[in-house]
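Next up, final.cif (mmCIF, C-alpha atoms and all ligand atoms):
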```cif
data_work
#
loop_
_atom_site.label_atom_id
_atom_site.label_comp_id
_atom_site.auth_asym_id
_atom_site.auth_seq_id
_atom_site.Cartn_x
_atom_site.Cartn_y
_atom_site.Cartn_z
CA MET A 29 127.27 -31.07 16.58
CA ALA A 30 129.13 -32.37 19.55
CA VAL A 31 131.86 -31.64 21.98
CA ARG A 32 134.47 -34.33 21.53
CA ARG A 33 137.25 -35.52 23.81
CA ILE A 34 140.56 -33.83 23.01
CA ARG A 35 143.19 -36.47 22.41
CA GLN A 36 146.17 -36.30 24.75
CA LEU A 37 149.92 -36.63 24.19
CA GLY A 38 150.63 -40.34 23.67
CA ASP A 39 147.47 -41.02 21.64
CA PRO A 40 148.66 -42.50 18.31
CA ILE A 41 146.11 -40.55 16.26
CA LEU A 42 148.08 -37.37 17.02
CA ARG A 43 150.97 -38.88 15.02
CA VAL A 44 149.04 -39.62 11.84
CA ARG A 45 149.67 -37.67 8.64
CA CYS A 46 146.13 -36.48 7.94
CA GLU A 47 144.29 -36.96 4.64
CA LYS A 48 143.55 -34.07 2.34
CA VAL A 49 139.87 -33.06 2.17
CA LEU A 50 138.52 -33.70 -1.33
CA ASP A 51 134.88 -32.68 -0.81
CA HIS A 52 134.61 -29.37 1.05
CA LYS A 53 130.82 -29.47 1.10
CA SER A 54 130.31 -33.04 2.31
CA ALA A 55 128.37 -33.78 5.48
CA ALA A 56 131.51 -35.38 6.96
CA THR A 57 133.55 -32.19 6.43
CA ARG A 58 130.78 -30.05 7.92
CA LEU A 59 130.53 -32.37 10.94
CA VAL A 60 134.26 -32.14 11.69
CA ALA A 61 134.17 -28.34 11.32
CA ASP A 62 131.18 -28.02 13.68
CA ASP A 63 132.69 -30.38 16.24
CA LEU A 64 136.00 -28.47 16.16
CA ARG A 65 134.15 -25.24 16.90
CA ASP A 66 132.07 -26.72 19.74
CA THR A 67 135.03 -28.54 21.27
CA LEU A 68 137.29 -25.47 21.10
CA ARG A 69 134.72 -23.27 22.79
CA THR A 70 134.17 -25.76 25.60
CA ALA A 71 137.89 -26.37 26.11
CA ARG A 72 138.57 -22.65 26.18
CA LYS A 73 136.13 -22.19 29.03
CA ARG A 74 137.75 -25.03 30.93
CA TYR A 75 141.41 -24.07 30.43
CA ARG A 76 141.08 -20.32 29.78
CA MET A 77 143.39 -20.58 26.77
CA GLY A 78 143.34 -21.63 23.14
CA ARG A 79 142.74 -20.05 19.79
CA ALA A 80 142.46 -23.04 17.47
CA LEU A 81 141.98 -26.76 17.17
CA ALA A 82 143.08 -29.19 14.46
CA ALA A 83 140.94 -32.15 13.39
CA PRO A 84 143.28 -34.94 14.66
CA GLN A 85 142.99 -33.44 18.14
CA ILE A 86 139.34 -34.58 18.16
CA GLY A 87 140.17 -37.90 16.53
CA ALA A 88 139.49 -37.00 12.87
CA PRO A 89 142.59 -37.57 10.70
CA VAL A 90 141.69 -34.98 8.02
CA ARG A 91 143.25 -31.65 7.09
CA ILE A 92 140.86 -29.20 8.78
CA VAL A 93 141.70 -26.48 11.31
CA PHE A 94 139.27 -24.22 13.15
CA VAL A 95 140.59 -20.86 14.39
CA GLU A 96 138.77 -18.36 16.58
CA VAL A 97 140.59 -15.18 17.63
CA ASP A 98 139.01 -11.96 18.86
CA LYS A 99 135.53 -13.15 17.85
CA GLN A 100 136.66 -13.79 14.27
CA ARG A 101 136.56 -17.37 13.11
CA TRP A 102 137.84 -19.36 10.20
CA THR A 103 137.40 -22.96 9.17
CA MET A 104 140.49 -23.76 7.11
CA VAL A 105 140.41 -26.75 4.82
CA ASN A 106 143.72 -28.12 3.53
CA PRO A 107 145.74 -25.22 5.00
CA GLU A 108 149.36 -24.87 3.91
CA ILE A 109 152.24 -22.55 4.71
CA THR A 110 153.64 -21.79 1.27
CA ASP A 111 156.37 -19.32 2.25
CA VAL A 112 158.05 -17.88 5.34
CA GLY A 113 159.76 -14.53 5.91
CA PRO A 114 163.40 -14.02 6.94
CA ASP A 115 162.80 -13.82 10.70
CA ASP A 116 162.30 -16.39 13.44
CA PHE A 117 161.02 -15.84 16.93
CA VAL A 118 160.94 -17.82 20.13
CA VAL A 119 157.57 -18.84 21.56
CA TRP A 120 156.61 -20.61 24.78
CA ASP A 121 154.00 -22.76 23.08
CA ASP A 122 151.05 -24.59 24.57
CA CYS A 123 148.58 -27.17 23.30
CA PHE A 124 145.30 -28.74 24.38
CA CYS A 125 147.00 -32.13 23.97
CA PHE A 126 149.22 -31.29 26.97
CA PRO A 127 147.43 -28.35 28.58
CA ASN A 128 149.65 -28.02 31.64
CA LEU A 129 152.93 -27.87 29.76
CA LEU A 130 154.74 -25.02 28.00
CA VAL A 131 157.40 -25.76 25.40
CA ARG A 132 159.97 -23.34 24.02
CA VAL A 133 159.95 -23.52 20.21
CA THR A 134 161.29 -21.41 17.37
CA ARG A 135 158.85 -20.43 14.64
CA ALA A 136 158.94 -18.30 11.52
CA TYR A 137 157.75 -14.77 12.35
CA GLN A 138 156.09 -14.22 8.97
CA ALA A 139 154.24 -16.83 6.95
CA THR A 140 152.10 -17.02 3.83
CA LEU A 141 149.05 -19.20 4.38
CA ASN A 142 146.87 -20.81 1.71
CA TYR A 143 143.63 -22.60 2.56
CA THR A 144 140.15 -23.15 1.22
CA ASP A 145 136.92 -22.44 3.06
CA LEU A 146 133.92 -24.77 3.43
CA LYS A 147 132.53 -23.57 0.11
CA GLY A 148 135.74 -24.56 -1.64
CA LYS A 149 136.87 -20.97 -2.17
CA PRO A 150 140.67 -20.50 -1.98
CA HIS A 151 142.21 -17.86 0.30
CA THR A 152 145.72 -16.51 0.86
CA ALA A 153 146.77 -14.62 3.99
CA GLN A 154 149.99 -13.00 5.14
CA LEU A 155 150.46 -13.81 8.82
CA GLU A 156 152.81 -12.31 11.36
CA GLY A 157 153.79 -12.99 14.96
CA PRO A 158 151.17 -14.83 17.07
CA MET A 159 148.93 -15.71 14.09
CA ALA A 160 151.94 -16.97 12.11
CA GLU A 161 153.10 -19.26 14.93
CA LEU A 162 149.52 -20.42 15.58
CA LEU A 163 149.05 -21.68 12.03
CA GLN A 164 152.49 -23.31 12.03
CA HIS A 165 151.44 -25.14 15.20
CA GLU A 166 148.07 -26.22 13.76
CA ILE A 167 149.44 -27.36 10.40
CA ASP A 168 152.09 -29.36 12.27
CA HIS A 169 149.17 -31.24 13.90
CA LEU A 170 147.95 -32.23 10.42
CA ASP A 171 151.37 -33.78 9.78
CA GLY A 172 151.50 -35.63 13.10
CA ILE A 173 154.01 -33.18 14.59
CA LEU A 174 153.59 -31.76 18.09
CA ALA A 175 155.22 -28.74 19.73
CA VAL A 176 157.20 -31.08 22.01
CA ASP A 177 159.01 -32.33 18.87
CA ARG A 178 160.19 -28.79 18.16
CA ALA A 179 161.53 -27.98 21.63
CA THR A 180 164.61 -25.76 21.35
CA GLY A 181 167.33 -24.47 23.66
CA LEU A 182 168.35 -25.47 27.13
CA ASP A 183 165.54 -26.46 29.50
CA PRO A 184 162.71 -26.12 26.95
CA PHE A 185 159.87 -27.56 29.07
CA SER A 186 158.03 -26.03 31.98
CA PHE A 187 154.78 -26.75 33.70
CA ARG A 188 152.57 -23.74 33.12
CA SER A 189 152.15 -23.08 36.84
CA GLU A 190 155.95 -22.98 37.36
CA TRP A 191 156.51 -20.79 34.31
CA GLU A 192 153.88 -18.32 35.46
CA LYS A 193 155.66 -17.91 38.81
CA LEU A 194 158.72 -16.58 37.00
CA HIS A 195 157.42 -14.84 33.87
CA ASP A 196 155.00 -12.23 32.67
CA PRO A 197 152.45 -13.52 30.10
CA ALA A 198 153.91 -11.11 27.51
CA GLU A 199 157.17 -13.08 27.68
CA ARG A 200 155.47 -15.98 25.87
CA TYR A 201 156.52 -14.31 22.60
CA GLY A 202 160.09 -13.24 21.82
CA GLN A 203 161.22 -10.57 19.39
CA PRO A 204 161.73 -11.35 15.69
CA ASN A 205 165.32 -12.08 14.73
CA PRO A 206 166.89 -12.87 11.36
CA ARG A 207 166.99 -16.64 10.98
CA GLU A 208 170.39 -18.20 11.61
CA LEU A 209 171.77 -19.90 8.56
CA PRO A 210 172.78 -23.52 9.12
ZN ZN B 301 148.17 -28.12 19.57
#
```
Represent the structure of the file as structure tokens.
Ligand SMILES: [Zn+2]
Amino acid sequence: MAVRRIRQLGDPILRVRCEKVLDHKSAATRLVADDLRDTLRTARKRYRMGRALAAPQIGAPVRIVFVEVDKQRWTMVNPEITDVGPDDFVVWDDCFCFPNLLVRVTRAYQATLNYTDLKGKPHTAQLEGPMAELLQHEIDHLDGILAVDRATGLDPFSFRSEWEKLHDPAERYGQPNPRELP
């Protein structure tokens, strides 16, 4: 178990398409899961934010995400969004890879998530709102995609300190709206 350095925007490992985990019970898989947990908890104390961490953020190019929200935690192996609902919403997103920046992105408001746990047991979950956007963000990491790549609208970047001068924290999440057809 160890707290690892969180890779920062510009580090090439953040752009790698991560490998699928084939052995859920291997020592290597367990090590990545434990290090994600320890690193997330330490980073959360430092930055007072954060609900999840993806393996490439600690330098491990494998498809593992650790999520901890309201004292519930999940280690998700090979997570996938298999379906999205009809609505999008706007989110001012953040990331430990650029902790001082907020980025306006558009995410699906509802998502169906499939993953397996560390015992290899498959799970399906219907996610909505903040949990739906969180898993879209984390699974993007596994494909080498960062929130900055998904910036939408005019003026989509703000330093957190500037944003907080002008907005209430509740404004981080917009209302769900039917997705615009292309
Ligand atoms: Zn991130």
Excluding same-chain residues fewer than 3 positions from Phe94 of chain A, what lies within 8 Å of it counting only C-alpha atoms, as a PDB file with C-alpha atoms, keeping the file's coordinate frame?
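Contents of the output file around-v8.pdb:
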```
ATOM      1  CA  ALA A  61     134.170 -28.340  11.320  1.00  0.00           C
ATOM      2  CA  LEU A  64     136.000 -28.470  16.160  1.00  0.00           C
ATOM      3  CA  ARG A  65     134.150 -25.240  16.900  1.00  0.00           C
ATOM      4  CA  ALA A  80     142.460 -23.040  17.470  1.00  0.00           C
ATOM      5  CA  LEU A  81     141.980 -26.760  17.170  1.00  0.00           C
ATOM      6  CA  ALA A  82     143.080 -29.190  14.460  1.00  0.00           C
ATOM      7  CA  ARG A 101     136.560 -17.370  13.110  1.00  0.00           C
ATOM      8  CA  TRP A 102     137.840 -19.360  10.200  1.00  0.00           C
ATOM      9  CA  THR A 103     137.400 -22.960   9.170  1.00  0.00           C
ATOM     10  CA  MET A 104     140.490 -23.760   7.110  1.00  0.00           C
TER      11      MET A 104
END
```
Report task. Could you report the residues within 9 Å of ligand ZN 301 (chain B), using all atoms listed in the file, as a VMD selection string? Result -> chain A and resid 78 80 to 82 85 121 to 126 162 165 to 166 168 to 169 174 to 175
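Shortest atom-to-atom contact with Leu141 of chain A among A:Leu68, A:Ile86, A:Asn106, A:Asp116: A:Asn106, counting only C-alpha atoms.
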Query raised in the report: So which residues fall inside 10 Å of (144.6, -32.8, 28.4) if we count all atoms listed in the file? Mind giving them as a VMD selection string?
Result: chain A and resid 33 to 37 71 75 123 to 129
Same residues, C-alpha atoms, saved as a compact mmCIF listing (two decimals), in the coordinates of the input:
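Dumped to again-v5.txt:
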```txt
# COMPACT_ATOMS: atom_id res chain seq x y z
CA ARG A 33 137.25 -35.52 23.81
CA ILE A 34 140.56 -33.83 23.01
CA ARG A 35 143.19 -36.47 22.41
CA GLN A 36 146.17 -36.30 24.75
CA LEU A 37 149.92 -36.63 24.19
CA ALA A 71 137.89 -26.37 26.11
CA TYR A 75 141.41 -24.07 30.43
CA CYS A 123 148.58 -27.17 23.30
CA PHE A 124 145.30 -28.74 24.38
CA CYS A 125 147.00 -32.13 23.97
CA PHE A 126 149.22 -31.29 26.97
CA PRO A 127 147.43 -28.35 28.58
CA ASN A 128 149.65 -28.02 31.64
CA LEU A 129 152.93 -27.87 29.76
```
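Nearest to Arg72 of chain A of all the residues A:Ala55, A:Arg91, A:Ala198, A:Val31 is A:Val31, based on only C-alpha atoms.
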Sorted by chain and rising residue number, which residues of segment 77-186 of chain A lie within 7 Å of segment 200-203 of chain A, and what are their closest atom pairs and distances in Å to one decimal, counting only C-alpha atoms, as CSV?
```
residue,atom,partner,partner_atom,distance
A:Phe117,CA,A:Gly202,CA,5.6
A:Val118,CA,A:Gly202,CA,5.0
A:Val119,CA,A:Tyr201,CA,4.8
A:Trp120,CA,A:Arg200,CA,4.9
```
